[in-house]
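Novice: protein-v8.pdb (PDB, C-alpha atoms and all ligand atoms) pasted underneath:
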```
ATOM      1  CA  MET A   1      67.151  -6.107  63.518
ATOM      2  CA  ALA A   2      64.662  -6.483  60.660
ATOM      3  CA  ALA A   3      61.719  -8.785  61.263
ATOM      4  CA  GLU A   4      61.482 -12.259  59.790
ATOM      5  CA  VAL A   5      59.138 -12.098  56.813
ATOM      6  CA  ILE A   6      56.579 -14.929  56.938
ATOM      7  CA  ASP A   7      56.207 -16.398  53.461
ATOM      8  CA  GLY A   8      52.473 -17.005  52.977
ATOM      9  CA  LYS A   9      52.981 -18.477  49.524
ATOM     10  CA  ALA A  10      55.289 -21.170  50.892
ATOM     11  CA  VAL A  11      52.995 -22.013  53.810
ATOM     12  CA  ALA A  12      49.995 -22.110  51.448
ATOM     13  CA  ALA A  13      51.887 -24.476  49.152
ATOM     14  CA  GLN A  14      52.467 -26.821  52.100
ATOM     15  CA  VAL A  15      48.763 -26.754  52.984
ATOM     16  CA  ARG A  16      47.822 -27.413  49.358
ATOM     17  CA  GLY A  17      50.220 -30.353  49.258
ATOM     18  CA  ARG A  18      48.561 -31.858  52.352
ATOM     19  CA  VAL A  19      45.115 -31.212  50.873
ATOM     20  CA  ALA A  20      46.079 -32.892  47.574
ATOM     21  CA  ALA A  21      47.098 -36.031  49.509
ATOM     22  CA  ASP A  22      43.812 -35.915  51.474
ATOM     23  CA  VAL A  23      41.841 -35.539  48.230
ATOM     24  CA  ILE A  24      43.242 -38.876  47.062
ATOM     25  CA  SER A  25      42.277 -40.738  50.235
ATOM     26  CA  VAL A  26      38.834 -39.071  50.487
ATOM     27  CA  SER A  27      38.144 -39.802  46.798
ATOM     28  CA  ASP A  28      39.041 -43.475  47.330
ATOM     29  CA  GLY A  29      36.581 -43.658  50.208
ATOM     30  CA  MET A  30      33.740 -41.822  48.445
ATOM     31  CA  GLY A  31      34.221 -43.161  44.923
ATOM     32  CA  ARG A  32      34.362 -39.593  43.606
ATOM     33  CA  PRO A  33      36.487 -36.516  44.218
ATOM     34  CA  PRO A  34      35.335 -33.821  46.646
ATOM     35  CA  GLY A  35      33.264 -31.173  44.847
ATOM     36  CA  LEU A  36      33.094 -27.405  45.289
ATOM     37  CA  ALA A  37      30.356 -25.279  43.723
ATOM     38  CA  THR A  38      31.232 -21.658  43.028
ATOM     39  CA  VAL A  39      28.510 -19.082  42.440
ATOM     40  CA  LEU A  40      29.522 -15.804  40.825
ATOM     41  CA  VAL A  41      26.581 -13.438  40.459
ATOM     42  CA  GLY A  42      27.003 -10.640  37.914
ATOM     43  CA  GLU A  43      30.171  -9.317  36.373
ATOM     44  CA  ASP A  44      32.231  -7.693  39.094
ATOM     45  CA  PRO A  45      35.804  -7.990  37.704
ATOM     46  CA  ALA A  46      37.531  -8.419  41.092
ATOM     47  CA  SER A  47      35.064 -11.147  42.120
ATOM     48  CA  ALA A  48      35.571 -12.872  38.762
ATOM     49  CA  ILE A  49      39.341 -12.984  39.362
ATOM     50  CA  TYR A  50      38.921 -14.361  42.904
ATOM     51  CA  VAL A  51      36.537 -17.079  41.720
ATOM     52  CA  ARG A  52      38.789 -18.044  38.814
ATOM     53  CA  ARG A  53      41.752 -18.424  41.180
ATOM     54  CA  LYS A  54      39.695 -20.577  43.534
ATOM     55  CA  ARG A  55      38.574 -22.843  40.688
ATOM     56  CA  GLU A  56      42.131 -23.178  39.375
ATOM     57  CA  ALA A  57      43.314 -24.068  42.877
ATOM     58  CA  CYS A  58      40.609 -26.772  43.086
ATOM     59  CA  GLU A  59      41.771 -28.248  39.813
ATOM     60  CA  GLU A  60      45.384 -28.338  40.991
ATOM     61  CA  VAL A  61      44.572 -30.486  44.028
ATOM     62  CA  GLY A  62      41.962 -32.695  42.322
ATOM     63  CA  ILE A  63      38.757 -31.147  43.718
ATOM     64  CA  SER A  64      35.910 -31.056  41.144
ATOM     65  CA  SER A  65      34.629 -27.572  40.588
ATOM     66  CA  PHE A  66      31.045 -26.806  39.547
ATOM     67  CA  HIS A  67      30.678 -23.236  38.402
ATOM     68  CA  HIS A  68      27.488 -21.184  38.206
ATOM     69  CA  GLU A  69      27.383 -17.659  36.868
ATOM     70  CA  PRO A  70      23.870 -16.247  37.146
ATOM     71  CA  PRO A  71      23.281 -12.747  35.733
ATOM     72  CA  GLY A  72      23.503  -9.697  38.011
ATOM     73  CA  ASP A  73      19.751  -9.158  37.726
ATOM     74  CA  ILE A  74      18.825 -12.624  39.018
ATOM     75  CA  SER A  75      15.978 -12.418  41.520
ATOM     76  CA  GLN A  76      16.522 -13.210  45.183
ATOM     77  CA  ALA A  77      14.084 -16.126  44.876
ATOM     78  CA  ASP A  78      15.962 -17.637  41.916
ATOM     79  CA  LEU A  79      19.305 -17.279  43.692
ATOM     80  CA  LEU A  80      17.873 -18.973  46.781
ATOM     81  CA  GLY A  81      16.541 -21.677  44.466
ATOM     82  CA  LEU A  82      20.042 -22.255  43.072
ATOM     83  CA  VAL A  83      21.461 -22.531  46.612
ATOM     84  CA  GLU A  84      18.722 -25.029  47.476
ATOM     85  CA  GLU A  85      19.564 -27.087  44.377
ATOM     86  CA  LEU A  86      23.285 -27.109  45.305
ATOM     87  CA  ASN A  87      22.441 -28.008  48.918
ATOM     88  CA  GLY A  88      20.693 -31.103  47.594
ATOM     89  CA  ASN A  89      23.334 -32.134  45.039
ATOM     90  CA  ASP A  90      25.248 -35.172  46.347
ATOM     91  CA  GLU A  91      28.287 -34.491  44.154
ATOM     92  CA  ILE A  92      28.853 -31.154  45.864
ATOM     93  CA  ASP A  93      30.501 -30.979  49.274
ATOM     94  CA  GLY A  94      31.101 -27.239  49.490
ATOM     95  CA  ILE A  95      29.302 -24.148  48.206
ATOM     96  CA  LEU A  96      30.954 -20.792  47.800
ATOM     97  CA  VAL A  97      28.796 -17.790  46.949
ATOM     98  CA  GLN A  98      31.241 -15.026  46.058
ATOM     99  CA  LEU A  99      30.512 -11.826  47.984
ATOM    100  CA  PRO A 100      29.654  -9.013  47.668
ATOM    101  CA  LEU A 101      26.456  -9.657  45.724
ATOM    102  CA  PRO A 102      25.121  -7.001  43.344
ATOM    103  CA  ASP A 103      22.852  -4.311  44.816
ATOM    104  CA  GLY A 104      19.319  -5.495  45.404
ATOM    105  CA  LEU A 105      20.269  -8.991  46.560
ATOM    106  CA  ASP A 106      20.235  -9.868  50.253
ATOM    107  CA  ALA A 107      23.578 -11.574  50.932
ATOM    108  CA  GLY A 108      22.621 -12.387  54.533
ATOM    109  CA  GLU A 109      19.574 -14.349  53.428
ATOM    110  CA  VAL A 110      21.603 -16.202  50.785
ATOM    111  CA  VAL A 111      24.330 -17.141  53.282
ATOM    112  CA  ASN A 112      21.717 -18.290  55.808
ATOM    113  CA  ALA A 113      20.218 -20.564  53.142
ATOM    114  CA  LEU A 114      23.462 -22.522  52.726
ATOM    115  CA  SER A 115      23.529 -25.951  54.256
ATOM    116  CA  PRO A 116      25.960 -25.595  57.227
ATOM    117  CA  SER A 117      27.582 -28.886  56.186
ATOM    118  CA  LYS A 118      28.551 -27.283  52.836
ATOM    119  CA  ASP A 119      29.368 -23.815  54.214
ATOM    120  CA  VAL A 120      33.044 -23.781  53.228
ATOM    121  CA  ASP A 121      33.306 -20.038  53.891
ATOM    122  CA  GLY A 122      32.170 -20.659  57.471
ATOM    123  CA  LEU A 123      29.666 -17.817  57.388
ATOM    124  CA  THR A 124      26.355 -19.402  58.371
ATOM    125  CA  PRO A 125      25.033 -18.819  61.899
ATOM    126  CA  THR A 126      25.589 -22.525  62.612
ATOM    127  CA  SER A 127      29.275 -22.341  61.618
ATOM    128  CA  ALA A 128      29.735 -19.110  63.592
ATOM    129  CA  GLY A 129      27.990 -20.622  66.625
ATOM    130  CA  LEU A 130      30.072 -23.799  66.602
ATOM    131  CA  LEU A 131      33.250 -21.747  66.344
ATOM    132  CA  ALA A 132      32.213 -19.419  69.170
ATOM    133  CA  ARG A 133      31.557 -22.502  71.340
ATOM    134  CA  GLY A 134      34.956 -23.966  70.488
ATOM    135  CA  ASP A 135      33.353 -26.960  68.730
ATOM    136  CA  PRO A 136      35.873 -28.195  66.122
ATOM    137  CA  SER A 137      33.230 -29.974  64.013
ATOM    138  CA  GLY A 138      32.173 -26.810  62.162
ATOM    139  CA  LEU A 139      33.659 -25.133  59.104
ATOM    140  CA  VAL A 140      35.840 -22.138  60.007
ATOM    141  CA  PRO A 141      36.147 -19.008  57.821
ATOM    142  CA  CYS A 142      39.161 -19.362  55.545
ATOM    143  CA  THR A 143      41.074 -16.132  56.199
ATOM    144  CA  PRO A 144      41.137 -16.428  60.015
ATOM    145  CA  SER A 145      42.078 -20.104  59.870
ATOM    146  CA  GLY A 146      44.804 -19.120  57.409
ATOM    147  CA  VAL A 147      46.098 -16.625  59.969
ATOM    148  CA  MET A 148      46.288 -19.400  62.577
ATOM    149  CA  GLU A 149      48.173 -21.603  60.124
ATOM    150  CA  LEU A 150      50.674 -18.784  59.488
ATOM    151  CA  LEU A 151      51.248 -18.405  63.223
ATOM    152  CA  ARG A 152      51.816 -22.155  63.568
ATOM    153  CA  SER A 153      54.260 -22.164  60.681
ATOM    154  CA  ALA A 154      56.190 -19.273  62.229
ATOM    155  CA  GLY A 155      56.434 -21.220  65.493
ATOM    156  CA  VAL A 156      54.259 -18.714  67.374
ATOM    157  CA  ASP A 157      52.118 -20.375  70.044
ATOM    158  CA  PRO A 158      49.347 -17.938  71.068
ATOM    159  CA  SER A 159      48.932 -19.591  74.475
ATOM    160  CA  GLY A 160      49.415 -17.041  77.249
ATOM    161  CA  LYS A 161      50.170 -14.236  74.802
ATOM    162  CA  GLU A 162      48.406 -10.892  74.379
ATOM    163  CA  ALA A 163      46.776 -10.875  70.936
ATOM    164  CA  VAL A 164      45.235  -7.751  69.436
ATOM    165  CA  ILE A 165      42.958  -7.815  66.389
ATOM    166  CA  VAL A 166      42.089  -4.631  64.520
ATOM    167  CA  GLY A 167      38.695  -5.248  62.876
ATOM    168  CA  ARG A 168      35.522  -6.988  64.040
ATOM    169  CA  SER A 169      33.873  -8.248  60.858
ATOM    170  CA  ASN A 170      32.005 -11.556  60.714
ATOM    171  CA  LEU A 171      34.421 -12.606  57.972
ATOM    172  CA  VAL A 172      37.729 -11.958  59.730
ATOM    173  CA  GLY A 173      37.860 -10.201  63.113
ATOM    174  CA  LYS A 174      35.160 -12.065  65.048
ATOM    175  CA  PRO A 175      36.086 -15.620  63.977
ATOM    176  CA  LEU A 176      39.742 -14.859  64.575
ATOM    177  CA  TYR A 177      38.843 -13.751  68.096
ATOM    178  CA  SER A 178      37.340 -17.190  68.737
ATOM    179  CA  LEU A 179      40.319 -19.012  67.214
ATOM    180  CA  LEU A 180      42.916 -17.068  69.194
ATOM    181  CA  LEU A 181      40.872 -17.408  72.373
ATOM    182  CA  GLY A 182      40.594 -21.147  71.699
ATOM    183  CA  ALA A 183      44.381 -21.201  71.401
ATOM    184  CA  ASN A 184      44.548 -19.637  74.895
ATOM    185  CA  ALA A 185      45.646 -16.123  73.928
ATOM    186  CA  THR A 186      44.311 -13.121  75.831
ATOM    187  CA  VAL A 187      42.506 -11.391  72.996
ATOM    188  CA  THR A 188      41.481  -7.764  72.472
ATOM    189  CA  THR A 189      39.459  -6.696  69.438
ATOM    190  CA  CYS A 190      39.673  -3.108  68.167
ATOM    191  CA  HIS A 191      37.348  -1.301  65.760
ATOM    192  CA  SER A 192      36.660   2.157  64.402
ATOM    193  CA  ARG A 193      35.446   3.424  67.787
ATOM    194  CA  THR A 194      38.469   2.205  69.757
ATOM    195  CA  ALA A 195      39.604   5.273  71.675
ATOM    196  CA  ASP A 196      43.380   4.947  71.498
ATOM    197  CA  LEU A 197      44.219   2.391  68.814
ATOM    198  CA  GLY A 198      47.988   2.795  69.173
ATOM    199  CA  GLU A 199      47.915   2.207  72.911
ATOM    200  CA  VAL A 200      45.870  -1.003  72.512
ATOM    201  CA  CYS A 201      47.906  -2.292  69.554
ATOM    202  CA  ARG A 202      51.155  -1.852  71.476
ATOM    203  CA  ARG A 203      49.929  -4.514  73.944
ATOM    204  CA  GLY A 204      49.844  -7.112  71.187
ATOM    205  CA  GLU A 205      52.571  -9.746  71.179
ATOM    206  CA  ILE A 206      50.470 -10.932  68.246
ATOM    207  CA  LEU A 207      48.940  -8.086  66.232
ATOM    208  CA  VAL A 208      46.510  -8.791  63.402
ATOM    209  CA  ALA A 209      45.421  -5.913  61.175
ATOM    210  CA  ALA A 210      42.114  -6.502  59.379
ATOM    211  CA  ALA A 211      40.632  -3.039  58.970
ATOM    212  CA  GLY A 212      40.896  -2.377  55.244
ATOM    213  CA  GLN A 213      42.768   0.901  55.861
ATOM    214  CA  PRO A 214      46.066   1.342  53.994
ATOM    215  CA  LYS A 215      49.052   1.637  56.338
ATOM    216  CA  LEU A 216      46.848   2.171  59.393
ATOM    217  CA  ILE A 217      49.364   0.382  61.628
ATOM    218  CA  THR A 218      52.529   2.419  61.971
ATOM    219  CA  ALA A 219      55.782   1.445  63.684
ATOM    220  CA  ASP A 220      54.981   3.373  66.867
ATOM    221  CA  MET A 221      51.839   1.204  67.333
ATOM    222  CA  VAL A 222      53.762  -2.069  67.392
ATOM    223  CA  CYS A 223      55.186  -3.851  70.429
ATOM    224  CA  PRO A 224      58.896  -4.706  69.974
ATOM    225  CA  ALA A 225      59.339  -8.257  68.630
ATOM    226  CA  ALA A 226      55.600  -8.677  67.989
ATOM    227  CA  THR A 227      54.317 -11.055  65.323
ATOM    228  CA  VAL A 228      52.372  -8.863  62.909
ATOM    229  CA  ILE A 229      49.843 -10.423  60.540
ATOM    230  CA  ASP A 230      48.502  -8.106  57.861
ATOM    231  CA  VAL A 231      45.131  -9.214  56.481
ATOM    232  CA  GLY A 232      44.442  -5.898  54.742
ATOM    233  CA  THR A 233      44.169  -5.875  50.971
ATOM    234  CA  ASN A 234      43.883  -2.320  49.713
ATOM    235  CA  ARG A 235      44.085  -1.304  46.070
ATOM    236  CA  THR A 236      45.785   2.096  45.862
ATOM    237  CA  ASP A 237      47.369   4.121  43.046
ATOM    238  CA  GLY A 238      50.681   2.706  44.284
ATOM    239  CA  GLY A 239      49.428  -0.895  43.939
ATOM    240  CA  LEU A 240      48.216  -3.425  46.465
ATOM    241  CA  VAL A 241      49.047  -2.455  50.061
ATOM    242  CA  GLY A 242      48.184  -3.891  53.420
ATOM    243  CA  ASP A 243      46.929  -2.279  56.628
ATOM    244  CA  VAL A 244      50.479  -2.216  57.995
ATOM    245  CA  ASP A 245      53.157   0.321  57.097
ATOM    246  CA  PHE A 246      55.445  -2.549  56.135
ATOM    247  CA  GLU A 247      59.021  -1.175  55.906
ATOM    248  CA  PRO A 248      59.103   0.833  59.169
ATOM    249  CA  VAL A 249      57.221  -1.888  61.049
ATOM    250  CA  THR A 250      59.809  -4.498  60.034
ATOM    251  CA  GLU A 251      62.289  -2.515  62.158
ATOM    252  CA  VAL A 252      60.185  -3.122  65.285
ATOM    253  CA  ALA A 253      58.371  -6.425  64.786
ATOM    254  CA  GLY A 254      59.849  -9.895  65.287
ATOM    255  CA  ALA A 255      57.961 -11.398  62.347
ATOM    256  CA  ILE A 256      55.592  -9.966  59.765
ATOM    257  CA  THR A 257      53.520 -11.033  56.760
ATOM    258  CA  PRO A 258      53.882  -9.104  53.493
ATOM    259  CA  VAL A 259      51.073  -7.902  51.193
ATOM    260  CA  PRO A 260      50.834  -9.471  48.716
ATOM    261  CA  GLY A 261      52.202 -12.929  49.529
ATOM    262  CA  GLY A 262      51.104 -13.239  53.144
ATOM    263  CA  VAL A 263      47.531 -13.948  54.190
ATOM    264  CA  GLY A 264      46.054 -13.867  50.667
ATOM    265  CA  PRO A 265      47.432 -17.237  49.461
ATOM    266  CA  MET A 266      46.328 -18.824  52.736
ATOM    267  CA  THR A 267      42.684 -17.921  52.184
ATOM    268  CA  ILE A 268      42.467 -20.073  49.054
ATOM    269  CA  ALA A 269      44.477 -22.904  50.628
ATOM    270  CA  MET A 270      42.081 -23.028  53.576
ATOM    271  CA  LEU A 271      39.083 -23.056  51.224
ATOM    272  CA  LEU A 272      40.479 -26.244  49.701
ATOM    273  CA  TYR A 273      41.073 -27.603  53.194
ATOM    274  CA  ASN A 274      37.455 -26.840  54.173
ATOM    275  CA  THR A 275      36.100 -28.516  51.045
ATOM    276  CA  VAL A 276      37.934 -31.738  51.869
ATOM    277  CA  LYS A 277      36.848 -31.485  55.521
ATOM    278  CA  ALA A 278      33.205 -31.136  54.365
ATOM    279  CA  ALA A 279      33.603 -34.098  51.993
ATOM    280  CA  ARG A 280      35.084 -36.270  54.718
ATOM    281  CA  ALA A 281      32.242 -35.366  57.106
ATOM    282  CA  SER A 282      29.664 -36.133  54.411
ATOM    283  CA  ALA A 283      31.304 -39.506  53.660
ATOM    284  CA  ALA A 284      31.277 -40.334  57.371
ATOM    285  CA  GLY A 285      27.607 -39.597  57.119
TER
HETATM  286  P1  LIG A 301      35.179  -4.899  56.951
HETATM  287  O1  LIG A 301      35.108  -3.585  56.259
HETATM  288  O2  LIG A 301      33.979  -5.778  56.996
HETATM  289  O3  LIG A 301      35.623  -4.644  58.456
HETATM  290  C1  LIG A 301      36.653  -3.746  58.767
HETATM  291  C2  LIG A 301      36.800  -3.659  60.269
HETATM  292  O4  LIG A 301      37.859  -2.775  60.549
HETATM  293  C3  LIG A 301      35.564  -3.114  60.980
HETATM  294  O5  LIG A 301      35.342  -3.827  62.154
HETATM  295  C4  LIG A 301      35.945  -1.668  61.275
HETATM  296  O6  LIG A 301      35.375  -1.139  62.454
HETATM  297  C5  LIG A 301      37.439  -1.772  61.464
HETATM  298  N1  LIG A 301      38.102  -0.508  61.143
HETATM  299  C6  LIG A 301      37.989   0.213  60.005
HETATM  300  N2  LIG A 301      38.732   1.332  60.094
HETATM  301  C7  LIG A 301      39.326   1.304  61.302
HETATM  302  C8  LIG A 301      40.205   2.188  61.979
HETATM  303  N3  LIG A 301      40.629   3.337  61.429
HETATM  304  N4  LIG A 301      40.600   1.848  63.223
HETATM  305  C9  LIG A 301      40.184   0.700  63.802
HETATM  306  N5  LIG A 301      39.348  -0.181  63.202
HETATM  307  C10 LIG A 301      38.920   0.132  61.976
HETATM  308  O7  LIG A 301      36.414  -5.648  56.312
HETATM  309  P2  LIG A 301      36.812  -7.217  56.293
HETATM  310  O8  LIG A 301      36.954  -7.722  57.674
HETATM  311  O9  LIG A 301      35.973  -7.943  55.340
HETATM  312  O10 LIG A 301      38.260  -7.086  55.636
HETATM  313  C11 LIG A 301      39.290  -6.366  56.255
HETATM  314  C12 LIG A 301      40.450  -6.248  55.305
HETATM  315  O11 LIG A 301      40.938  -7.536  55.033
HETATM  316  C13 LIG A 301      40.109  -5.638  53.942
HETATM  317  O12 LIG A 301      41.229  -4.925  53.460
HETATM  318  C14 LIG A 301      39.878  -6.860  53.055
HETATM  319  O13 LIG A 301      40.119  -6.587  51.684
HETATM  320  C15 LIG A 301      40.911  -7.782  53.620
HETATM  321  N6  LIG A 301      40.632  -9.185  53.402
HETATM  322  C16 LIG A 301      41.639  -9.927  52.890
HETATM  323  C17 LIG A 301      41.473 -11.251  52.684
HETATM  324  C18 LIG A 301      42.619 -12.035  52.161
HETATM  325  O14 LIG A 301      42.415 -13.145  51.703
HETATM  326  N7  LIG A 301      43.837 -11.510  52.235
HETATM  327  C19 LIG A 301      40.192 -11.924  52.928
HETATM  328  C20 LIG A 301      39.210 -11.080  53.577
HETATM  329  C21 LIG A 301      39.438  -9.740  53.782
HETATM  330  P3  LIG A 301      33.768  -0.949  62.660
HETATM  331  O15 LIG A 301      33.227  -2.338  62.899
HETATM  332  O16 LIG A 301      33.662  -0.081  63.860
HETATM  333  O17 LIG A 301      33.255  -0.336  61.407
END
```
Would you write the structure of this file as structure tokens?
Ligand code: NDP
Specialist:
Amino acid sequence: MAAEVIDGKAVAAQVRGRVAADVISVSDGMGRPPGLATVLVGEDPASAIYVRRKREACEEVGISSFHHEPPGDISQADLLGLVEELNGNDEIDGILVQLPLPDGLDAGEVVNALSPSKDVDGLTPTSAGLLARGDPSGLVPCTPSGVMELLRSAGVDPSGKEAVIVGRSNLVGKPLYSLLLGANATVTTCHSRTADLGEVCRRGEILVAAAGQPKLITADMVCPAATVIDVGTNRTDGGLVGDVDFEPVTEVAGAITPVPGGVGPMTIAMLLYNTVKAARASAAG
């Protein structure tokens, strides 16, 4: 039987609806709407599209967006100065520096300069540390928290289940490990040196592919009835494809996310969620 296809657009729309309602109550309390600053350095076309979508999404739910577009040859010191200025701006609750940065700029140093209370991408060491300790007060990276939301919406409780993640980046794989572990799954993380990827993936009642390798996960690597979440976003000559070989895997899996229309819409929805969470924390003071 073909797998249930999890509709990320629909789940994201639900999250956005909840966020829009929260924006109204938070704005009443603060006397201003929550604010998100976006920083787009240089002219990378893909980054420009991502940032535009994020700003449009803010507008839709009533979050004020403050956009900065420094030139690609901005110095590291000036970029750090901009981050410092945004850290100190009381109208701004969240700061998003779109990555990757142009060559010559040190993204790690820029991320570390963000105030953890405004770190809506959840990438600072403080955010990562809080997450690893299971402390819910921190801001969690948007894509992994979107994955958790998709699982919830599909009625999949990770507790007691074997979960396998392919990918160990700071952006996706590692935070997702902490989230799934916190939800009481038994979690295994794979990477490019994993000896027998298929054998490990087949253990996953929940299998998350976040490797950035088109169609890496084939049907023979999937446990029957598994919930398969495809984070991969790969631009190929044939269009946008995920890390999962979608059609054949639907014949094995119990539920699966498509690309596009799965995890992608969730990432933006969770950014909005994080911005309101940061605003609420700042209002509580
Ligand atoms: P990274 O390149 O930072 O990390 C990829 C990870 O996958 C690494 O840990 C790497 O292992 C592992 N990997 C690569 N090839 C293999 C392989 N053949 N077998 C096993 N593991 C492998 O990518 P990101 O985590 O940033 O992103 C992953 C994917 O998710 C990309 O396609 C990206 O575009 C997409 N993405 C989508 C988002 C969305 O909103 N839908 C948001 C963020 C990312 P190693 O550590 O050993 O190198």
Novice: Run the PyMOL selection byres (((not hetatm)) within 8 of (chain A and resi 301)) mentally over the shown coordinates, then write out the matched residues as an MDAnalysis selection string, using the chain letters and numbers from the document.
Specialist: chainID A and resid 142:143 166:173 190:194 197 209:214 216 231:234 242:243 262:268
Novice: Excluding Ser25 of chain A and its own-chain neighbours fewer than 2 positions away, which residues fall within 12 Å of it when counting only C-alpha atoms? Please give them as JSON, numbers by chain.
Specialist: {"A": [18, 19, 20, 21, 22, 23, 27, 28, 29, 30, 31, 32, 33, 34, 62, 276, 277, 279, 280, 283]}
Novice: Would you mind telling me which residue in A:Val140, A:Ala225, A:Ala219, A:Leu101 lies nearest to Ile206 of chain A when using all atoms listed in the file?
Specialist: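 So, comparing all the options, the nearest one is A:Ala225.
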Novice: Point out the residue among A:Val83, A:Val164, A:Ile24, A:Val241 with the least atom-to-atom distance to Lys215 of chain A, counting only C-alpha atoms.
Specialist: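 Distance minimum relative to Lys215 of chain A lands on A:Val241.
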Novice: Which one of A:Ala132, A:Leu105, A:Ala37, A:Ile229 sits closest to Glu85 of chain A if you count all atoms listed in the file?
Specialist: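 Closest candidate: A:Ala37.
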Novice: Just the residues within 12 Å of segment 106-109 of chain A, please, counting only C-alpha atoms, with nothing from its chain fewer than 3 positions along; format it as a list in words.
Specialist: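 Contacts, in chain order: Val41, Ile74, Ser75, Gln76, Ala77, Leu79, Leu80, Gly81, Val83, Val97, Gln98, Leu99, Pro100, Leu101, Pro102, Asp103, Asn112, Ala113, Leu114, Leu123, Thr124, Pro125 and Asn170 of chain A.
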Novice: Would you mind writing segment 186-191 of chain A with all heavy atoms, as a JSON list (two decimals), keeping the file's coordinate frame?
Specialist:
```json
[["chain", "number", "residue", "atom", "x", "y", "z"],
["A", 186, "THR", "N", 45.18, -14.14, 75.23],
["A", 186, "THR", "CA", 44.31, -13.12, 75.83],
["A", 186, "THR", "C", 44.04, -12.12, 74.72],
["A", 186, "THR", "O", 44.96, -11.46, 74.24],
["A", 186, "THR", "CB", 45.03, -12.45, 77.02],
["A", 186, "THR", "OG1", 45.36, -13.47, 77.96],
["A", 186, "THR", "CG2", 44.16, -11.40, 77.67],
["A", 187, "VAL", "N", 42.79, -12.05, 74.27],
["A", 187, "VAL", "CA", 42.51, -11.39, 73.00],
["A", 187, "VAL", "C", 41.74, -10.07, 73.19],
["A", 187, "VAL", "O", 40.77, -10.02, 73.94],
["A", 187, "VAL", "CB", 41.66, -12.30, 72.07],
["A", 187, "VAL", "CG1", 41.66, -11.76, 70.65],
["A", 187, "VAL", "CG2", 42.17, -13.74, 72.08],
["A", 188, "THR", "N", 42.19, -9.04, 72.50],
["A", 188, "THR", "CA", 41.48, -7.76, 72.47],
["A", 188, "THR", "C", 41.12, -7.46, 71.02],
["A", 188, "THR", "O", 41.96, -7.62, 70.13],
["A", 188, "THR", "CB", 42.39, -6.63, 73.00],
["A", 188, "THR", "OG1", 42.88, -6.99, 74.29],
["A", 188, "THR", "CG2", 41.65, -5.30, 73.08],
["A", 189, "THR", "N", 39.88, -7.05, 70.79],
["A", 189, "THR", "CA", 39.46, -6.70, 69.44],
["A", 189, "THR", "C", 39.22, -5.19, 69.35],
["A", 189, "THR", "O", 38.47, -4.63, 70.16],
["A", 189, "THR", "CB", 38.15, -7.44, 69.08],
["A", 189, "THR", "OG1", 38.37, -8.84, 69.24],
["A", 189, "THR", "CG2", 37.76, -7.16, 67.64],
["A", 190, "CYS", "N", 39.84, -4.55, 68.38],
["A", 190, "CYS", "CA", 39.67, -3.11, 68.17],
["A", 190, "CYS", "C", 38.76, -2.87, 66.96],
["A", 190, "CYS", "O", 38.60, -3.75, 66.11],
["A", 190, "CYS", "CB", 41.01, -2.43, 67.86],
["A", 190, "CYS", "SG", 42.27, -2.73, 69.09],
["A", 191, "HIS", "N", 38.23, -1.68, 66.87],
["A", 191, "HIS", "CA", 37.35, -1.30, 65.76],
["A", 191, "HIS", "C", 37.42, 0.20, 65.59],
["A", 191, "HIS", "O", 38.24, 0.87, 66.23],
["A", 191, "HIS", "CB", 35.93, -1.82, 66.03],
["A", 191, "HIS", "CG", 35.48, -1.55, 67.43],
["A", 191, "HIS", "ND1", 35.05, -0.32, 67.84],
["A", 191, "HIS", "CD2", 35.46, -2.37, 68.51],
["A", 191, "HIS", "CE1", 34.76, -0.37, 69.13],
["A", 191, "HIS", "NE2", 35.01, -1.60, 69.56]]
```
